[in-house]
$ cat protein18.cif   # mmCIF, C-alpha atoms
data_query
#
loop_
_atom_site.group_PDB
_atom_site.id
_atom_site.type_symbol
_atom_site.label_atom_id
_atom_site.label_comp_id
_atom_site.auth_asym_id
_atom_site.auth_seq_id
_atom_site.Cartn_x
_atom_site.Cartn_y
_atom_site.Cartn_z
ATOM 1 C CA MET M 1 3.365 -3.661 -16.032
ATOM 2 C CA ASN M 2 1.650 -0.958 -14.023
ATOM 3 C CA PRO M 3 4.288 0.790 -11.800
ATOM 4 C CA LEU M 4 1.928 0.774 -8.808
ATOM 5 C CA THR M 5 1.398 -2.982 -9.216
ATOM 6 C CA ALA M 6 5.158 -3.509 -9.371
ATOM 7 C CA TYR M 7 5.574 -1.373 -6.258
ATOM 8 C CA ARG M 8 2.981 -3.348 -4.332
ATOM 9 C CA THR M 9 4.607 -6.607 -5.331
ATOM 10 C CA ARG M 10 7.942 -5.427 -3.882
ATOM 11 C CA ALA M 11 6.242 -4.084 -0.756
ATOM 12 C CA GLU M 12 4.409 -7.347 -0.189
ATOM 13 C CA GLN M 13 7.691 -9.262 -0.349
ATOM 14 C CA GLN M 14 9.183 -7.234 2.494
ATOM 15 C CA PRO M 15 8.738 -8.519 6.035
ATOM 16 C CA GLN M 16 5.534 -7.005 7.350
ATOM 17 C CA GLN M 17 6.360 -4.624 10.154
ATOM 18 C CA SER M 18 3.840 -2.129 11.447
ATOM 19 C CA VAL M 19 4.207 1.491 10.405
ATOM 20 C CA ARG M 20 4.319 3.539 13.616
ATOM 21 C CA VAL M 21 2.178 6.661 13.056
ATOM 22 C CA LEU M 22 1.721 9.865 15.051
ATOM 23 C CA VAL M 23 -1.580 11.605 14.148
ATOM 24 C CA VAL M 24 -1.595 15.405 14.496
ATOM 25 C CA ASP M 25 -4.711 17.556 14.079
ATOM 26 C CA ASP M 26 -6.220 20.344 16.169
ATOM 27 C CA GLN M 27 -9.758 19.017 15.643
ATOM 28 C CA PRO M 28 -10.222 16.176 18.169
ATOM 29 C CA LEU M 29 -13.038 14.448 16.289
ATOM 30 C CA PHE M 30 -11.022 14.373 13.064
ATOM 31 C CA ALA M 31 -7.869 13.132 14.831
ATOM 32 C CA GLU M 32 -9.831 10.368 16.572
ATOM 33 C CA ALA M 33 -11.600 9.343 13.351
ATOM 34 C CA ILE M 34 -8.295 9.143 11.461
ATOM 35 C CA SER M 35 -6.764 7.128 14.312
ATOM 36 C CA VAL M 36 -9.661 4.644 14.215
ATOM 37 C CA LEU M 37 -9.376 4.347 10.425
ATOM 38 C CA LEU M 38 -5.648 3.671 10.649
ATOM 39 C CA LYS M 39 -6.078 1.091 13.418
ATOM 40 C CA LEU M 40 -8.322 -0.935 11.083
ATOM 41 C CA ASN M 41 -5.186 -1.809 9.105
ATOM 42 C CA GLU M 42 -2.888 -4.504 10.445
ATOM 43 C CA GLY M 43 0.173 -2.724 9.090
ATOM 44 C CA ILE M 44 -0.367 0.469 11.085
ATOM 45 C CA GLU M 45 0.202 1.175 14.765
ATOM 46 C CA VAL M 46 -0.998 4.582 15.974
ATOM 47 C CA VAL M 47 1.581 5.459 18.627
ATOM 48 C CA GLY M 48 0.030 8.756 19.661
ATOM 49 C CA THR M 49 -1.803 11.939 18.811
ATOM 50 C CA ALA M 50 -1.060 15.637 19.135
ATOM 51 C CA ALA M 51 -3.290 18.703 18.852
ATOM 52 C CA ASP M 52 -0.863 21.339 17.547
ATOM 53 C CA GLY M 53 2.515 21.710 15.900
ATOM 54 C CA GLN M 54 4.533 22.207 19.081
ATOM 55 C CA GLU M 55 2.978 19.143 20.679
ATOM 56 C CA ALA M 56 3.700 17.264 17.430
ATOM 57 C CA VAL M 57 7.396 18.123 17.651
ATOM 58 C CA ASP M 58 7.569 17.103 21.318
ATOM 59 C CA ARG M 59 5.652 13.837 20.786
ATOM 60 C CA ALA M 60 7.641 12.958 17.658
ATOM 61 C CA ILE M 61 10.930 13.373 19.510
ATOM 62 C CA ALA M 62 9.638 11.249 22.407
ATOM 63 C CA LEU M 63 7.964 8.519 20.316
ATOM 64 C CA GLU M 64 10.172 8.438 17.184
ATOM 65 C CA PRO M 65 7.357 7.350 14.827
ATOM 66 C CA ASP M 66 8.021 6.074 11.315
ATOM 67 C CA LEU M 67 5.489 8.558 9.952
ATOM 68 C CA VAL M 68 3.823 11.741 11.186
ATOM 69 C CA LEU M 69 0.389 12.392 9.663
ATOM 70 C CA MET M 70 -0.123 16.106 10.287
ATOM 71 C CA ASP M 71 -2.512 18.931 9.445
ATOM 72 C CA ILE M 72 -0.978 22.039 7.883
ATOM 73 C CA GLN M 73 -3.033 24.698 9.673
ATOM 74 C CA MET M 74 -2.954 24.459 13.482
ATOM 75 C CA PRO M 75 -2.597 26.760 16.507
ATOM 76 C CA ARG M 76 0.676 27.520 18.344
ATOM 77 C CA LEU M 77 2.885 26.137 15.579
ATOM 78 C CA ASP M 78 1.599 25.280 12.127
ATOM 79 C CA GLY M 79 2.321 21.982 10.409
ATOM 80 C CA ILE M 80 4.871 23.480 8.028
ATOM 81 C CA ALA M 81 7.031 24.895 10.836
ATOM 82 C CA ALA M 82 6.577 21.665 12.806
ATOM 83 C CA THR M 83 7.698 19.678 9.752
ATOM 84 C CA ARG M 84 10.951 21.649 9.575
ATOM 85 C CA ARG M 85 11.653 21.014 13.272
ATOM 86 C CA ILE M 86 10.804 17.314 13.105
ATOM 87 C CA ARG M 87 12.942 16.802 9.981
ATOM 88 C CA ARG M 88 15.912 18.485 11.719
ATOM 89 C CA ARG M 89 15.625 16.249 14.802
ATOM 90 C CA LEU M 90 14.350 13.041 13.162
ATOM 91 C CA PRO M 91 15.585 12.956 9.549
ATOM 92 C CA HIS M 92 14.368 9.374 8.995
ATOM 93 C CA THR M 93 10.799 10.080 10.122
ATOM 94 C CA LYS M 94 8.472 10.525 7.144
ATOM 95 C CA ILE M 95 5.881 13.294 7.158
ATOM 96 C CA LEU M 96 2.543 13.166 5.358
ATOM 97 C CA MET M 97 0.625 16.423 5.505
ATOM 98 C CA MET M 98 -3.158 16.799 5.446
ATOM 99 C CA THR M 99 -5.068 19.929 4.573
ATOM 100 C CA ALA M 100 -8.546 21.238 3.966
ATOM 101 C CA LEU M 101 -7.000 24.306 2.330
ATOM 102 C CA THR M 102 -7.416 24.447 -1.423
ATOM 103 C CA GLY M 103 -4.443 26.622 -2.350
ATOM 104 C CA ASP M 104 -1.481 24.831 -3.876
ATOM 105 C CA GLU M 105 0.944 27.255 -2.209
ATOM 106 C CA TYR M 106 0.396 25.479 1.131
ATOM 107 C CA VAL M 107 1.163 22.107 -0.408
ATOM 108 C CA GLU M 108 4.311 23.518 -2.033
ATOM 109 C CA GLN M 109 5.425 25.016 1.294
ATOM 110 C CA ALA M 110 4.852 21.680 3.046
ATOM 111 C CA LEU M 111 6.919 19.824 0.462
ATOM 112 C CA GLN M 112 9.703 22.422 0.658
ATOM 113 C CA ALA M 113 9.702 22.035 4.452
ATOM 114 C CA GLY M 114 10.393 18.313 4.073
ATOM 115 C CA ALA M 115 7.025 16.568 3.856
ATOM 116 C CA GLU M 116 6.943 13.560 1.540
ATOM 117 C CA ALA M 117 3.409 14.266 0.317
ATOM 118 C CA CYS M 118 0.172 16.049 1.096
ATOM 119 C CA VAL M 119 -3.381 14.699 0.988
ATOM 120 C CA ARG M 120 -6.503 16.833 0.966
ATOM 121 C CA LYS M 121 -8.950 16.234 3.795
ATOM 122 C CA PHE M 122 -11.742 15.851 1.261
ATOM 123 C CA SER M 123 -9.953 12.823 -0.283
ATOM 124 C CA HIS M 124 -11.244 9.287 0.183
ATOM 125 C CA ALA M 125 -9.902 7.085 2.978
ATOM 126 C CA GLY M 126 -8.332 4.802 0.381
ATOM 127 C CA ASP M 127 -6.272 7.717 -0.943
ATOM 128 C CA LEU M 128 -4.866 8.346 2.527
ATOM 129 C CA LEU M 129 -4.029 4.672 3.040
ATOM 130 C CA THR M 130 -2.371 4.473 -0.385
ATOM 131 C CA ALA M 131 -0.252 7.521 0.440
ATOM 132 C CA ILE M 132 0.837 5.969 3.751
ATOM 133 C CA GLU M 133 1.607 2.686 2.009
ATOM 134 C CA GLU M 134 3.710 4.395 -0.659
ATOM 135 C CA ILE M 135 5.602 6.605 1.791
ATOM 136 C CA ALA M 136 6.244 3.751 4.222
ATOM 137 C CA GLY M 137 7.205 1.368 1.417
ATOM 138 C CA ARG M 138 5.017 -1.360 2.879
ATOM 139 C CA ALA M 139 1.777 -2.994 1.815
ATOM 140 C CA LEU M 140 -1.072 -2.531 4.287
ATOM 141 C CA GLN M 141 -3.829 -5.020 4.986
ATOM 142 C CA ALA M 142 -7.230 -4.447 6.534
ATOM 143 C CA ALA M 143 -7.587 -6.027 9.971
#
$ encode --input "protein18.cif" --output "structure tokens"
Amino acid sequence: MNPLTAYRTRAEQQPQQSVRVLVVDDQPLFAEAISVLLKLNEGIEVVGTAADGQEAVDRAIALEPDLVLMDIQMPRLDGIAATRRIRRRLPHTKILMMTALTGDEYVEQALQAGAEACVRKFSHAGDLLTAIEEIAGRALQAA
């Protein structure tokens, strides 16, 4: 049996509860587009957005999302430093990093800071949704 198939079977058996997501990116158009994409899935509730790492920390503490979807490179406080702060304050909140950077050192730094995974911004939408599904441990369905 394919491990991913087995995983989805277990996820589908769990009660379906929305994954509460905070979207963090300093590019407003990208953040809005990602938010719209996520809202097309019944299993995701976008609880807020933030435009930089410091705002991400503040919003995460206030909103207590299940998952923070955050860019690595941002002004004021980068995503790696923000990840460390969020993990200290909200250890149960999952963090999925996004990056347009091609160097693996940034991905390694994000994982060392406490992120569960990192997706490249040039990935397909399905790759992002699969990553959210796997990190959240829940199957997602299109609305």
$ resolve_selection --input "protein18.cif" --expression "the PyMOL selection byres ((chain M and resi 31) around 12)" --output "ChimeraX atom specification"
/M:22-30,32-38,46,48-52,69-71,98,121
$ write_last_selection --input "protein18.cif" --atoms "C-alpha atoms" --output "mmCIF file, in the coordinates of the input"
data_model
loop_
_atom_site.group_PDB
_atom_site.id
_atom_site.type_symbol
_atom_site.label_atom_id
_atom_site.label_comp_id
_atom_site.auth_asym_id
_atom_site.auth_seq_id
_atom_site.Cartn_x
_atom_site.Cartn_y
_atom_site.Cartn_z
ATOM 1 C CA LEU M 22 1.721 9.865 15.051
ATOM 2 C CA VAL M 23 -1.580 11.605 14.148
ATOM 3 C CA VAL M 24 -1.595 15.405 14.496
ATOM 4 C CA ASP M 25 -4.711 17.556 14.079
ATOM 5 C CA ASP M 26 -6.220 20.344 16.169
ATOM 6 C CA GLN M 27 -9.758 19.017 15.643
ATOM 7 C CA PRO M 28 -10.222 16.176 18.169
ATOM 8 C CA LEU M 29 -13.038 14.448 16.289
ATOM 9 C CA PHE M 30 -11.022 14.373 13.064
ATOM 10 C CA GLU M 32 -9.831 10.368 16.572
ATOM 11 C CA ALA M 33 -11.600 9.343 13.351
ATOM 12 C CA ILE M 34 -8.295 9.143 11.461
ATOM 13 C CA SER M 35 -6.764 7.128 14.312
ATOM 14 C CA VAL M 36 -9.661 4.644 14.215
ATOM 15 C CA LEU M 37 -9.376 4.347 10.425
ATOM 16 C CA LEU M 38 -5.648 3.671 10.649
ATOM 17 C CA VAL M 46 -0.998 4.582 15.974
ATOM 18 C CA GLY M 48 0.030 8.756 19.661
ATOM 19 C CA THR M 49 -1.803 11.939 18.811
ATOM 20 C CA ALA M 50 -1.060 15.637 19.135
ATOM 21 C CA ALA M 51 -3.290 18.703 18.852
ATOM 22 C CA ASP M 52 -0.863 21.339 17.547
ATOM 23 C CA LEU M 69 0.389 12.392 9.663
ATOM 24 C CA MET M 70 -0.123 16.106 10.287
ATOM 25 C CA ASP M 71 -2.512 18.931 9.445
ATOM 26 C CA MET M 98 -3.158 16.799 5.446
ATOM 27 C CA LYS M 121 -8.950 16.234 3.795
#
$ closest_residue --input "protein18.cif" --among "M:Ala113, M:Gln73, M:Lys39, M:Thr102" --to "M:Ile86" --atoms "only C-alpha atoms"
M:Ala113
$ closest_residue --input "protein18.cif" --among "M:Glu55, M:Asp66, M:Glu108, M:Glu116" --to "M:Arg85" --atoms "all atoms listed in the file"
M:Glu55
$ closest_residue --input "protein18.cif" --among "M:Gln109, M:Thr130, M:Gln54, M:Ser123" --to "M:Asn41" --atoms "all atoms listed in the file"
M:Thr130
$ resolve_selection --input "protein18.cif" --expression "the PyMOL selection byres ((chain M and resi 79) around 8)" --output "list in words"
Asp52, Gly53, Met70, Asp71, Ile72, Gln73, Met74, Leu77, Asp78, Ile80, Ala81, Ala82, Thr83, Met97 and Ala110 of chain M
$ atom_distance --input "protein18.cif" --atom1 "atom CA of M:Gln17" --atom2 "atom CA of M:Phe122"
28.7 Å
$ resolve_selection --input "protein18.cif" --expression "the PyMOL selection byres ((chain M and resi 136) around 8)" --output "short mmCIF file (atom, residue, chain, number, x, y, z; two decimals) with C-alpha atoms, in the frame of the given file"
data_model
loop_
_atom_site.label_atom_id
_atom_site.label_comp_id
_atom_site.auth_asym_id
_atom_site.auth_seq_id
_atom_site.Cartn_x
_atom_site.Cartn_y
_atom_site.Cartn_z
CA VAL M 19 4.21 1.49 10.40
CA ASP M 66 8.02 6.07 11.32
CA LEU M 67 5.49 8.56 9.95
CA LYS M 94 8.47 10.52 7.14
CA ILE M 132 0.84 5.97 3.75
CA GLU M 133 1.61 2.69 2.01
CA GLU M 134 3.71 4.39 -0.66
CA ILE M 135 5.60 6.60 1.79
CA GLY M 137 7.20 1.37 1.42
CA ARG M 138 5.02 -1.36 2.88
#
$ atom_distance --input "protein18.cif" --atom1 "atom CA of M:Ile44" --atom2 "atom CA of M:Val21"
7.0 Å
$ atom_distance --input "protein18.cif" --atom1 "atom CA of M:Arg89" --atom2 "atom CA of M:Arg120"
26.1 Å
$ axis_aligned_box --input "protein18.cif" --around "stretch 116-130 of chain M" --padding-each-side "5 Å" --output "AutoDock Vina command-line options"
--center_x -2.4 --center_y 10.7 --center_z 1.4 --size_x 28.7 --size_y 22.4 --size_z 14.7
$ residues_near_point --input "protein18.cif" --point "(12.7, 10.1, 12.6)" --cutoff "10 Å" --atoms "only C-alpha atoms" --output "list in words"
Ala60, Ile61, Leu63, Glu64, Pro65, Asp66, Leu67, Val68, Ile86, Arg87, Arg88, Arg89, Leu90, Pro91, His92, Thr93, Lys94 and Ile95 of chain M
$ decode --input "protein18.cif" --residues "stretch 30-68 of chain M" --atoms "N, CA and C atoms" --output "PDB file, in the first residue's frame"
ATOM      1  N   PHE M  30       0.383  38.400  -3.454  1.00  0.00           N
ATOM      2  CA  PHE M  30       0.657  36.986  -3.216  1.00  0.00           C
ATOM      3  C   PHE M  30      -0.113  36.495  -1.990  1.00  0.00           C
ATOM      4  N   ALA M  31      -0.102  37.268  -0.910  1.00  0.00           N
ATOM      5  CA  ALA M  31      -0.816  36.877   0.308  1.00  0.00           C
ATOM      6  C   ALA M  31      -2.316  36.736   0.046  1.00  0.00           C
ATOM      7  N   GLU M  32      -2.875  37.677  -0.714  1.00  0.00           N
ATOM      8  CA  GLU M  32      -4.306  37.608  -1.038  1.00  0.00           C
ATOM      9  C   GLU M  32      -4.611  36.414  -1.934  1.00  0.00           C
ATOM     10  N   ALA M  33      -3.758  36.153  -2.914  1.00  0.00           N
ATOM     11  CA  ALA M  33      -3.976  35.014  -3.817  1.00  0.00           C
ATOM     12  C   ALA M  33      -3.916  33.693  -3.053  1.00  0.00           C
ATOM     13  N   ILE M  34      -2.952  33.557  -2.160  1.00  0.00           N
ATOM     14  CA  ILE M  34      -2.845  32.339  -1.346  1.00  0.00           C
ATOM     15  C   ILE M  34      -4.078  32.204  -0.456  1.00  0.00           C
ATOM     16  N   SER M  35      -4.519  33.297   0.135  1.00  0.00           N
ATOM     17  CA  SER M  35      -5.712  33.258   0.992  1.00  0.00           C
ATOM     18  C   SER M  35      -6.935  32.794   0.211  1.00  0.00           C
ATOM     19  N   VAL M  36      -7.112  33.308  -0.999  1.00  0.00           N
ATOM     20  CA  VAL M  36      -8.243  32.896  -1.844  1.00  0.00           C
ATOM     21  C   VAL M  36      -8.136  31.413  -2.177  1.00  0.00           C
ATOM     22  N   LEU M  37      -6.945  30.960  -2.556  1.00  0.00           N
ATOM     23  CA  LEU M  37      -6.737  29.544  -2.858  1.00  0.00           C
ATOM     24  C   LEU M  37      -7.111  28.674  -1.663  1.00  0.00           C
ATOM     25  N   LEU M  38      -6.657  29.054  -0.486  1.00  0.00           N
ATOM     26  CA  LEU M  38      -6.932  28.254   0.706  1.00  0.00           C
ATOM     27  C   LEU M  38      -8.419  28.234   1.039  1.00  0.00           C
ATOM     28  N   LYS M  39      -9.092  29.362   0.847  1.00  0.00           N
ATOM     29  CA  LYS M  39     -10.523  29.444   1.154  1.00  0.00           C
ATOM     30  C   LYS M  39     -11.372  28.582   0.226  1.00  0.00           C
ATOM     31  N   LEU M  40     -10.814  28.144  -0.893  1.00  0.00           N
ATOM     32  CA  LEU M  40     -11.542  27.253  -1.805  1.00  0.00           C
ATOM     33  C   LEU M  40     -11.633  25.829  -1.264  1.00  0.00           C
ATOM     34  N   ASN M  41     -10.988  25.564  -0.156  1.00  0.00           N
ATOM     35  CA  ASN M  41     -10.987  24.238   0.455  1.00  0.00           C
ATOM     36  C   ASN M  41     -11.791  24.266   1.740  1.00  0.00           C
ATOM     37  N   GLU M  42     -12.774  23.381   1.826  1.00  0.00           N
ATOM     38  CA  GLU M  42     -13.660  23.352   2.987  1.00  0.00           C
ATOM     39  C   GLU M  42     -12.911  23.142   4.289  1.00  0.00           C
ATOM     40  N   GLY M  43     -11.791  22.459   4.247  1.00  0.00           N
ATOM     41  CA  GLY M  43     -11.064  22.132   5.467  1.00  0.00           C
ATOM     42  C   GLY M  43     -10.128  23.212   5.960  1.00  0.00           C
ATOM     43  N   ILE M  44     -10.153  24.385   5.332  1.00  0.00           N
ATOM     44  CA  ILE M  44      -9.238  25.459   5.727  1.00  0.00           C
ATOM     45  C   ILE M  44     -10.023  26.725   6.042  1.00  0.00           C
ATOM     46  N   GLU M  45      -9.676  27.342   7.151  1.00  0.00           N
ATOM     47  CA  GLU M  45     -10.219  28.650   7.520  1.00  0.00           C
ATOM     48  C   GLU M  45      -9.034  29.609   7.638  1.00  0.00           C
ATOM     49  N   VAL M  46      -8.985  30.618   6.802  1.00  0.00           N
ATOM     50  CA  VAL M  46      -7.935  31.635   6.900  1.00  0.00           C
ATOM     51  C   VAL M  46      -8.373  32.606   7.991  1.00  0.00           C
ATOM     52  N   VAL M  47      -7.632  32.615   9.104  1.00  0.00           N
ATOM     53  CA  VAL M  47      -8.027  33.439  10.247  1.00  0.00           C
ATOM     54  C   VAL M  47      -7.400  34.823  10.219  1.00  0.00           C
ATOM     55  N   GLY M  48      -6.417  35.022   9.327  1.00  0.00           N
ATOM     56  CA  GLY M  48      -5.807  36.335   9.235  1.00  0.00           C
ATOM     57  C   GLY M  48      -4.606  36.337   8.319  1.00  0.00           C
ATOM     58  N   THR M  49      -4.079  37.541   8.117  1.00  0.00           N
ATOM     59  CA  THR M  49      -2.865  37.712   7.320  1.00  0.00           C
ATOM     60  C   THR M  49      -1.929  38.657   8.068  1.00  0.00           C
ATOM     61  N   ALA M  50      -0.664  38.596   7.693  1.00  0.00           N
ATOM     62  CA  ALA M  50       0.340  39.504   8.241  1.00  0.00           C
ATOM     63  C   ALA M  50       1.334  39.806   7.129  1.00  0.00           C
ATOM     64  N   ALA M  51       1.988  40.975   7.220  1.00  0.00           N
ATOM     65  CA  ALA M  51       2.866  41.417   6.140  1.00  0.00           C
ATOM     66  C   ALA M  51       4.353  41.342   6.467  1.00  0.00           C
ATOM     67  N   ASP M  52       4.697  41.002   7.709  1.00  0.00           N
ATOM     68  CA  ASP M  52       6.106  40.842   8.065  1.00  0.00           C
ATOM     69  C   ASP M  52       6.207  39.923   9.281  1.00  0.00           C
ATOM     70  N   GLY M  53       7.432  39.574   9.628  1.00  0.00           N
ATOM     71  CA  GLY M  53       7.639  38.615  10.703  1.00  0.00           C
ATOM     72  C   GLY M  53       7.144  39.080  12.058  1.00  0.00           C
ATOM     73  N   GLN M  54       7.359  40.355  12.393  1.00  0.00           N
ATOM     74  CA  GLN M  54       6.896  40.847  13.687  1.00  0.00           C
ATOM     75  C   GLN M  54       5.376  40.823  13.770  1.00  0.00           C
ATOM     76  N   GLU M  55       4.727  41.246  12.698  1.00  0.00           N
ATOM     77  CA  GLU M  55       3.262  41.191  12.667  1.00  0.00           C
ATOM     78  C   GLU M  55       2.793  39.738  12.740  1.00  0.00           C
ATOM     79  N   ALA M  56       3.535  38.824  12.140  1.00  0.00           N
ATOM     80  CA  ALA M  56       3.189  37.399  12.197  1.00  0.00           C
ATOM     81  C   ALA M  56       3.212  36.894  13.634  1.00  0.00           C
ATOM     82  N   VAL M  57       4.245  37.261  14.374  1.00  0.00           N
ATOM     83  CA  VAL M  57       4.341  36.845  15.777  1.00  0.00           C
ATOM     84  C   VAL M  57       3.159  37.397  16.564  1.00  0.00           C
ATOM     85  N   ASP M  58       2.896  38.686  16.416  1.00  0.00           N
ATOM     86  CA  ASP M  58       1.794  39.328  17.141  1.00  0.00           C
ATOM     87  C   ASP M  58       0.446  38.705  16.790  1.00  0.00           C
ATOM     88  N   ARG M  59       0.189  38.505  15.494  1.00  0.00           N
ATOM     89  CA  ARG M  59      -1.094  37.933  15.059  1.00  0.00           C
ATOM     90  C   ARG M  59      -1.222  36.474  15.497  1.00  0.00           C
ATOM     91  N   ALA M  60      -0.128  35.726  15.435  1.00  0.00           N
ATOM     92  CA  ALA M  60      -0.173  34.323  15.853  1.00  0.00           C
ATOM     93  C   ALA M  60      -0.521  34.214  17.335  1.00  0.00           C
ATOM     94  N   ILE M  61       0.090  35.051  18.152  1.00  0.00           N
ATOM     95  CA  ILE M  61      -0.211  35.028  19.585  1.00  0.00           C
ATOM     96  C   ILE M  61      -1.671  35.386  19.825  1.00  0.00           C
ATOM     97  N   ALA M  62      -2.181  36.375  19.102  1.00  0.00           N
ATOM     98  CA  ALA M  62      -3.574  36.807  19.278  1.00  0.00           C
ATOM     99  C   ALA M  62      -4.577  35.791  18.740  1.00  0.00           C
ATOM    100  N   LEU M  63      -4.275  35.171  17.604  1.00  0.00           N
ATOM    101  CA  LEU M  63      -5.247  34.307  16.916  1.00  0.00           C
ATOM    102  C   LEU M  63      -5.084  32.815  17.216  1.00  0.00           C
ATOM    103  N   GLU M  64      -3.900  32.407  17.663  1.00  0.00           N
ATOM    104  CA  GLU M  64      -3.593  31.004  17.939  1.00  0.00           C
ATOM    105  C   GLU M  64      -4.025  30.071  16.803  1.00  0.00           C
ATOM    106  N   PRO M  65      -3.484  30.281  15.597  1.00  0.00           N
ATOM    107  CA  PRO M  65      -3.853  29.417  14.464  1.00  0.00           C
ATOM    108  C   PRO M  65      -3.277  28.009  14.634  1.00  0.00           C
ATOM    109  N   ASP M  66      -3.847  27.065  13.896  1.00  0.00           N
ATOM    110  CA  ASP M  66      -3.284  25.712  13.869  1.00  0.00           C
ATOM    111  C   ASP M  66      -1.993  25.702  13.068  1.00  0.00           C
ATOM    112  N   LEU M  67      -1.945  26.547  12.029  1.00  0.00           N
ATOM    113  CA  LEU M  67      -0.818  26.551  11.104  1.00  0.00           C
ATOM    114  C   LEU M  67      -0.526  27.974  10.646  1.00  0.00           C
ATOM    115  N   VAL M  68       0.757  28.319  10.607  1.00  0.00           N
ATOM    116  CA  VAL M  68       1.196  29.594  10.047  1.00  0.00           C
ATOM    117  C   VAL M  68       1.894  29.280   8.735  1.00  0.00           C
TER     118      VAL M  68
END
